[in-house]
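Step one of this worksheet: look at the structure below.
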Amino acid sequence: MIILNKPVQRRGFLRGALAAAVVVPLGGALASCAGGGSTTQTSTAAGGAVSATNPFGVAKTGTLDAVIFKGGYGIDYVDFAGDILKKNYPGIDVKISPSTNIAQELQPRFVGGNPPDLIDNSGAKAIGFSTILDQLEDLKSITEANNLEGTRIADTLYDGVLAPGTFGGKVAAINYVLTVYALWYSKSLFDANGWKVPTTWDEAMDLGAKAKAQGKYLFLWGKEAATYYQTMAIESAIKEGGDEVRLALENLKPNCWSLPAVQSVFSALEKIIKAGYVKPGGSGTQFTAAQAQWSNNQDALLYPSGSWIENEMKDQTKAGFKMTGTPVPVVTSSPKIPQIGVRSAAGEPYIVPSKGKNTAAGKELLRTMLSKESAVNFAKTKLAPTVVKGTVPADGFGSTALVSQISMLDNAKKNIFTWNFVDLYGINQDQLVPWNSFLDGKLDTAGLTKALQDITDKVANDSSVTKIEVK
């Protein structure tokens with residue numbers, strides 16, 4: 001597969017490799033936690049002896065401080081890896097803490113010179129990478145190390161997954177989860193009513209009318225996730241307008257939100273909102289409560305999200321729901337990228353601050369997470385693939401959502417793309433405000449466009465913000 005992003009073609013990951021991963025069964029014993037290879041000590045670092053099984057020189061005793069974003073995937077998968085690390089290093093006190101506001105909680109620790117040893121810098125309130133790049137370890141040392149099974153980690157990863165966290169040649173973050181963005185729906189509900197998933201916005205309007213006839217809505221949203229609709233809109237606009245749209249947004253160009261492809265999608269969404277096909281009140285509703293209105297109450301037919309949605313709502317999804325993903329609609333019948341194209345990217349970026357008290361242990365925990373044992377555990381329990389190849393069987397562990405992700409990726413072939421500017425510059429929080437107003441019907445397309453452009457221009461004109469040019 002090829003990510004349509006010319007300066008970072010390494011973002012692409014091979015379709016053949018992914019397809020091969022789908023058919024790998026879970027059978028067979030997993031390798032020992034201790035890992036393979038020689039144990040000959042070569043030097044010392046961070047208080048411990050460096051060896052093939054201890055590549056970062058983790059000391060025999062000490063504390064590991066990890067702070068993990070608690071979102072749709074929870075933090076138990078990190079606890080799982082932490083337990084493995086604890087077996088390998090009994091003298092290490094492993095402290096893994098959840099956070100729902102990474103920036104607010106951890107930026108003061110960066111300023112104070114006492115950041116955690118490992119961070120999952122994710123969520124709507126993540127720290128903008130441009131502000132901390134010089135304070136992070138280069139994680140190439142991890143990818144060049146062997147995993148616990150004795151295989152070089154770089155050789156176990158899908159092609160291109162390191163690109164979103166690589167800046168100027170420095171691997172500042174390793175993204176752990178392979179995320180597929182889509183429109184999600186209940187296949188059982190659609191089958192029962194003979195509905196077809198929309199491939200164009202006109203078809204979405206028609207489906208909205210059918211939903212309304214049954215007392216349902218086409219869409220709904222929650223206040224913290226209003227920008228899920230921005231993600232959907234950008235994906236649709238990039239498919240419609242191609243690289244011109246993607247590059248303008250990535251490079252924070254003047255009037256990038258006014259490009260015809262973007263405007264056509266905004267106008268289509270405004271039409272849906274004005275028709276009353278979006279459930280009102282989302283700006284006053286907590287996002288998981290809104291999602292439960294979709295997955296459990298089935299108040300709405302469609303919901304845009306990343307592939308974390310199934311796990312996030314697993315306790316609030318109606319029995320027999322058959323959650324399934326589909327590529328987002330386009331405006332016309334001849335978009336520059338086929339409608340079956342999807343946005344897919346490695347997500348959940350893990351970073352190791354250079355001033356952490358135990359950076360060696362932070363790296364070791366991430367190395368443990370990238371072992372096959374930990375990666376299989378994640379895929380099986382979270383029903384989403386990691387960046388580690390060969391961990392998802394053909395039946396998706398019985399998950400229709402996971403099977404649909406693999407199907408979308410396979411069908412898209414080379415038409416897979418992504419973008420980084422929202423996370424890179426940490427502007428999601430600001431963008432939530434106009435998107436809530438737009439979905440509420442309080443802003444029209446022109447108002448939404450102006451608000452988003454103002455946010456973009458503010459970053460573009462801020463000389464204190466490091467810009468990453470995308471070509």
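In the structure tokens, each chain is lettered A, B, ... as it comes, each chain's residues begin at 1, and ligands are numbered from 1 in order of appearance.
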
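Running DSSP on the backbone gives strand (DSSP E or B) for these residues within range 277-461 of chain A: A:Val278, A:Ala300, A:Tyr303, A:Pro304, A:Ser305, A:Gly306, A:Met323, A:Thr324, A:Gly325, A:Thr326, A:Val330, A:Val342, A:Arg343, A:Ser344, A:Ala345, A:Ala346, A:Gly347, A:Glu348, A:Pro349, A:Tyr350, A:Ile351, A:Pro353, A:Thr386, A:Val388, A:Ile416, A:Phe417.
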
Keeping only C-alpha atoms, write the selected residues to a file as a compact mmCIF listing (two decimals), in the first residue's frame.
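Output below, filename selection-v1.txt:
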```txt
# COMPACT_ATOMS: atom_id res chain seq x y z
CA VAL A 278 -27.96 15.15 12.70
CA ALA A 300 -28.25 7.22 14.40
CA TYR A 303 -20.64 7.38 13.04
CA PRO A 304 -17.19 8.55 11.84
CA SER A 305 -14.29 7.30 13.92
CA GLY A 306 -11.02 5.45 13.94
CA MET A 323 -20.12 -3.19 13.82
CA THR A 324 -18.63 -2.64 10.37
CA GLY A 325 -16.51 0.06 8.76
CA THR A 326 -16.84 1.56 5.28
CA VAL A 330 -17.20 11.54 -1.82
CA VAL A 342 -9.09 5.19 3.04
CA ARG A 343 -7.08 7.07 5.57
CA SER A 344 -4.90 4.70 7.54
CA ALA A 345 -2.00 5.61 9.75
CA ALA A 346 0.00 4.40 12.65
CA GLY A 347 -1.39 5.98 15.81
CA GLU A 348 -0.86 6.12 19.59
CA PRO A 349 2.59 7.76 19.42
CA TYR A 350 4.94 6.62 22.17
CA ILE A 351 7.80 8.90 23.19
CA PRO A 353 11.72 12.03 27.08
CA THR A 386 -0.65 -3.00 15.94
CA VAL A 388 3.76 -5.40 14.30
CA ILE A 416 -4.27 4.80 1.21
CA PHE A 417 -3.19 8.15 2.61
```

Name the residues of range 37-278 of chain A that fall into alpha helix (DSSP H) according to DSSP on the backbone, using the chain letters and numbers of this document, as a PyMOL selection string. chain A and resi 76-88+102-112+140-143+187-193+201-213+228-241+243-250+260-274

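Distances here use only C-alpha atoms; by that measure, the residue among A:Ala237, A:Val433, A:Ala145, A:Ala460 closest to Gly447 in chain A is A:Val433.
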
Can you pull out the residues contacting Lys322 in chain A? Cut-off 7 Å, using only C-alpha atoms, and skip same-chain residues under 3 positions away; I want them as a ChimeraX atom specification. /A:186-188,400

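Straight-line separation from CA of Gly222 in chain A to CA of Gly123 in chain A: 14.7 Å.
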
Proximity check range 134-202 of chain A to range 244-265 of chain A, 12 Å, nearest pairs one decimal Å, only C-alpha atoms, as CSV:
```
residue,atom,partner,partner_atom,distance
A:Thr200,CA,A:Val265,CA,10.2
A:Trp201,CA,A:Val265,CA,8.0
A:Asp202,CA,A:Val265,CA,10.9
```

Can I get the selection written as a PDB file, in the first residue's frame, with N, CA, C and O atoms?
```
ATOM      1  N   THR A 200     -21.598   8.354  -1.801  1.00  0.00           N
ATOM      2  CA  THR A 200     -21.555   9.785  -2.132  1.00  0.00           C
ATOM      3  C   THR A 200     -22.382  10.543  -1.104  1.00  0.00           C
ATOM      4  O   THR A 200     -23.221   9.956  -0.401  1.00  0.00           O
ATOM      5  N   TRP A 201     -22.194  11.840  -1.046  1.00  0.00           N
ATOM      6  CA  TRP A 201     -22.950  12.640  -0.084  1.00  0.00           C
ATOM      7  C   TRP A 201     -24.416  12.753  -0.487  1.00  0.00           C
ATOM      8  O   TRP A 201     -25.289  12.889   0.376  1.00  0.00           O
ATOM      9  N   ASP A 202     -24.703  12.669  -1.762  1.00  0.00           N
ATOM     10  CA  ASP A 202     -26.111  12.638  -2.180  1.00  0.00           C
ATOM     11  C   ASP A 202     -26.791  11.372  -1.669  1.00  0.00           C
ATOM     12  O   ASP A 202     -27.945  11.409  -1.210  1.00  0.00           O
TER      13      ASP A 202
END
```

For Glu235 in chain A, the closest of A:Asn415, A:Thr53, A:Thr63, A:Ser283 counting only C-alpha atoms is A:Asn415

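Here the question is which of A:Pro108, A:Pro115, A:Pro280, A:Gly48 gets nearest to Gly356 in chain A using only C-alpha atoms, and that residue is A:Pro115.
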